[in-house]
Amino acid sequence: MSHPHEVASAGATTVGDRSSAVPTVASTAPESVTTTSAPRRLTGSSAEVAVERAWVASINDFYRASELGSTNLSSLDATLLPGSLELAQETGFISAQVASGVVGPSTWRIGNVRVVSLAGDAAVLTACSYDPGSHFRATGRPAPASLGGGAGLTAYVSHLEDVAGRWLLYATDASEPTSATEAGPCLGF
């Protein structure tokens, strides 16, 4: 079955035939091109689409920060709820990568993004991503798994909160399915 695609490109994200000004490509290395494709159905309300876009922006900012290997996380921090465990975990992970000389992948895919609950100012969504794994900047060798090494799928169950009209990520349960045939957010990815 064919679904409309969310396609990331420099400066814009297009969901089906809608656009937003969410930048989704960034890299300091000219040979590095980040392309993110997120196939999904457009069946939700405009509030659900806003939640999905906010989460996609946050995960793209996480990947970009990891790829750049910088502790300047202002763009990523702006997508996370201040004081949340998610903020501490994501910034801690990237800081550990930087301290170890590890950088994230230059390409990744995001898909199966779907709001499963939306009530008031709280939302829960599921999604999937695939990336080829992090590596040591100096050698290109794969990083240890604790620093994001190893290619694979990641399934997400994420919680967002609407704060003054902005959906911010505050908690994520992530798992690593072994294949896209397992039940869950990565099924069919």
# chains A, B, ... in the order shown; residues from 1 in each chain; ligands from 1
$ residues_around --residues "region 74-82 of chain A" --least-positions-apart "3" --cutoff "10 Å" --atoms "only C-alpha atoms" --output "ChimeraX atom specification"
/A:54-65,71,85-88,90-91,160-163,166-171
$ select_by_dssp --residues "region 84-166 of chain A" --states "alpha helix (DSSP H)" --output "JSON, numbers by chain"
{"A": [85, 86, 87, 88, 89, 90, 91, 92, 93, 94, 95, 96, 97, 98, 99, 100]}
$ residues_around --residues "Ala145 (chain A)" --least-positions-apart "3" --cutoff "12 Å" --atoms "only C-alpha atoms" --output "list of chain:residue names"
A:Phe93, A:Gln97, A:Val102, A:Gly104, A:Pro132, A:Gly133, A:Ser134, A:His135, A:Pro142, A:Gly148, A:Gly149, A:Gly150, A:Ala151, A:Gly152, A:Glu176
$ write_last_selection --atoms "all heavy atoms" --output "compact mmCIF listing (two decimals), in the first residue's frame"
# COMPACT_ATOMS: atom_id res chain seq x y z
N PHE A 93 23.72 11.82 26.45
CA PHE A 93 24.19 10.87 25.43
C PHE A 93 25.10 11.57 24.42
O PHE A 93 26.19 11.08 24.12
CB PHE A 93 22.98 10.24 24.72
CG PHE A 93 23.36 9.30 23.61
CD1 PHE A 93 23.75 8.00 23.89
CD2 PHE A 93 23.34 9.71 22.29
CE1 PHE A 93 24.12 7.13 22.87
CE2 PHE A 93 23.69 8.86 21.27
CZ PHE A 93 24.07 7.56 21.55
N GLN A 97 29.12 11.07 23.64
CA GLN A 97 29.68 10.82 22.31
C GLN A 97 30.81 11.80 22.03
O GLN A 97 31.89 11.40 21.58
CB GLN A 97 28.60 10.98 21.22
CG GLN A 97 27.67 9.81 21.09
CD GLN A 97 26.75 9.98 19.89
OE1 GLN A 97 26.20 11.05 19.64
NE2 GLN A 97 26.57 8.90 19.15
N VAL A 102 33.14 10.33 19.26
CA VAL A 102 32.16 9.61 18.44
C VAL A 102 31.19 10.62 17.81
O VAL A 102 30.81 11.60 18.44
CB VAL A 102 31.38 8.60 19.31
CG1 VAL A 102 30.18 8.02 18.55
CG2 VAL A 102 32.31 7.48 19.77
N GLY A 104 27.53 10.77 15.23
CA GLY A 104 26.41 10.00 14.74
C GLY A 104 26.45 9.84 13.24
O GLY A 104 27.29 10.42 12.54
N PRO A 132 22.55 3.78 10.25
CA PRO A 132 23.67 2.85 10.10
C PRO A 132 24.62 2.83 11.30
O PRO A 132 25.61 2.11 11.29
CB PRO A 132 24.37 3.35 8.84
CG PRO A 132 24.05 4.79 8.78
CD PRO A 132 22.68 4.93 9.36
N GLY A 133 24.36 3.61 12.33
CA GLY A 133 25.17 3.58 13.54
C GLY A 133 26.20 4.69 13.61
O GLY A 133 26.63 5.26 12.61
N SER A 134 26.60 5.00 14.84
CA SER A 134 27.62 6.02 15.10
C SER A 134 29.01 5.43 14.88
O SER A 134 29.19 4.21 14.86
CB SER A 134 27.50 6.50 16.55
OG SER A 134 26.23 7.09 16.77
N HIS A 135 29.99 6.33 14.75
CA HIS A 135 31.36 5.89 14.51
C HIS A 135 32.34 6.87 15.14
O HIS A 135 31.98 8.00 15.46
CB HIS A 135 31.61 5.75 13.01
CG HIS A 135 31.39 7.03 12.26
ND1 HIS A 135 30.14 7.44 11.84
CD2 HIS A 135 32.24 8.01 11.89
CE1 HIS A 135 30.24 8.61 11.23
NE2 HIS A 135 31.50 8.99 11.25
N PRO A 142 33.23 1.66 13.86
CA PRO A 142 31.97 1.72 14.61
C PRO A 142 32.20 2.01 16.09
O PRO A 142 33.15 1.52 16.70
CB PRO A 142 31.37 0.32 14.43
CG PRO A 142 32.02 -0.22 13.19
CD PRO A 142 33.40 0.38 13.17
N GLY A 148 25.86 4.44 20.53
CA GLY A 148 25.08 4.47 19.29
C GLY A 148 25.68 3.69 18.14
O GLY A 148 25.23 3.83 17.01
N GLY A 149 26.69 2.88 18.40
CA GLY A 149 27.29 2.09 17.33
C GLY A 149 26.39 0.93 16.93
O GLY A 149 25.60 0.45 17.73
N GLY A 150 26.50 0.53 15.69
CA GLY A 150 25.70 -0.59 15.20
C GLY A 150 24.45 -0.12 14.48
O GLY A 150 23.67 0.67 15.00
N ALA A 151 24.28 -0.60 13.27
CA ALA A 151 23.10 -0.25 12.47
C ALA A 151 21.87 -0.91 13.07
O ALA A 151 21.96 -1.99 13.64
CB ALA A 151 23.29 -0.70 11.03
N GLY A 152 20.74 -0.25 12.92
CA GLY A 152 19.54 -0.90 13.39
C GLY A 152 18.32 -0.01 13.46
O GLY A 152 18.37 1.20 13.25
N GLU A 176 14.83 -1.70 20.53
CA GLU A 176 15.52 -2.05 19.30
C GLU A 176 14.97 -3.36 18.74
O GLU A 176 15.48 -4.44 19.05
CB GLU A 176 17.03 -2.16 19.55
CG GLU A 176 17.63 -0.86 20.00
CD GLU A 176 19.11 -0.97 20.34
OE1 GLU A 176 19.70 -2.06 20.20
OE2 GLU A 176 19.67 0.05 20.75
$ residues_around --residues "Phe189 (chain A)" --least-positions-apart "4" --cutoff "12 Å" --atoms "only C-alpha atoms" --output "ChimeraX atom specification"
/A:37-40,109-113,127-130,152-155,177-185
$ residues_around --residues "Val157 (chain A)" --least-positions-apart "3" --cutoff "7 Å" --atoms "only C-alpha atoms" --output "count of residues only"
7
$ atom_distance --atom1 "CA of Arg137 (chain A)" --atom2 "CA of Ser66 (chain A)"
11.3 Å
$ closest_residue --among "A:Gly165, A:Pro144, A:Gly83, A:Gly101" --to "Ala122 (chain A)" --atoms "only C-alpha atoms"
A:Gly165
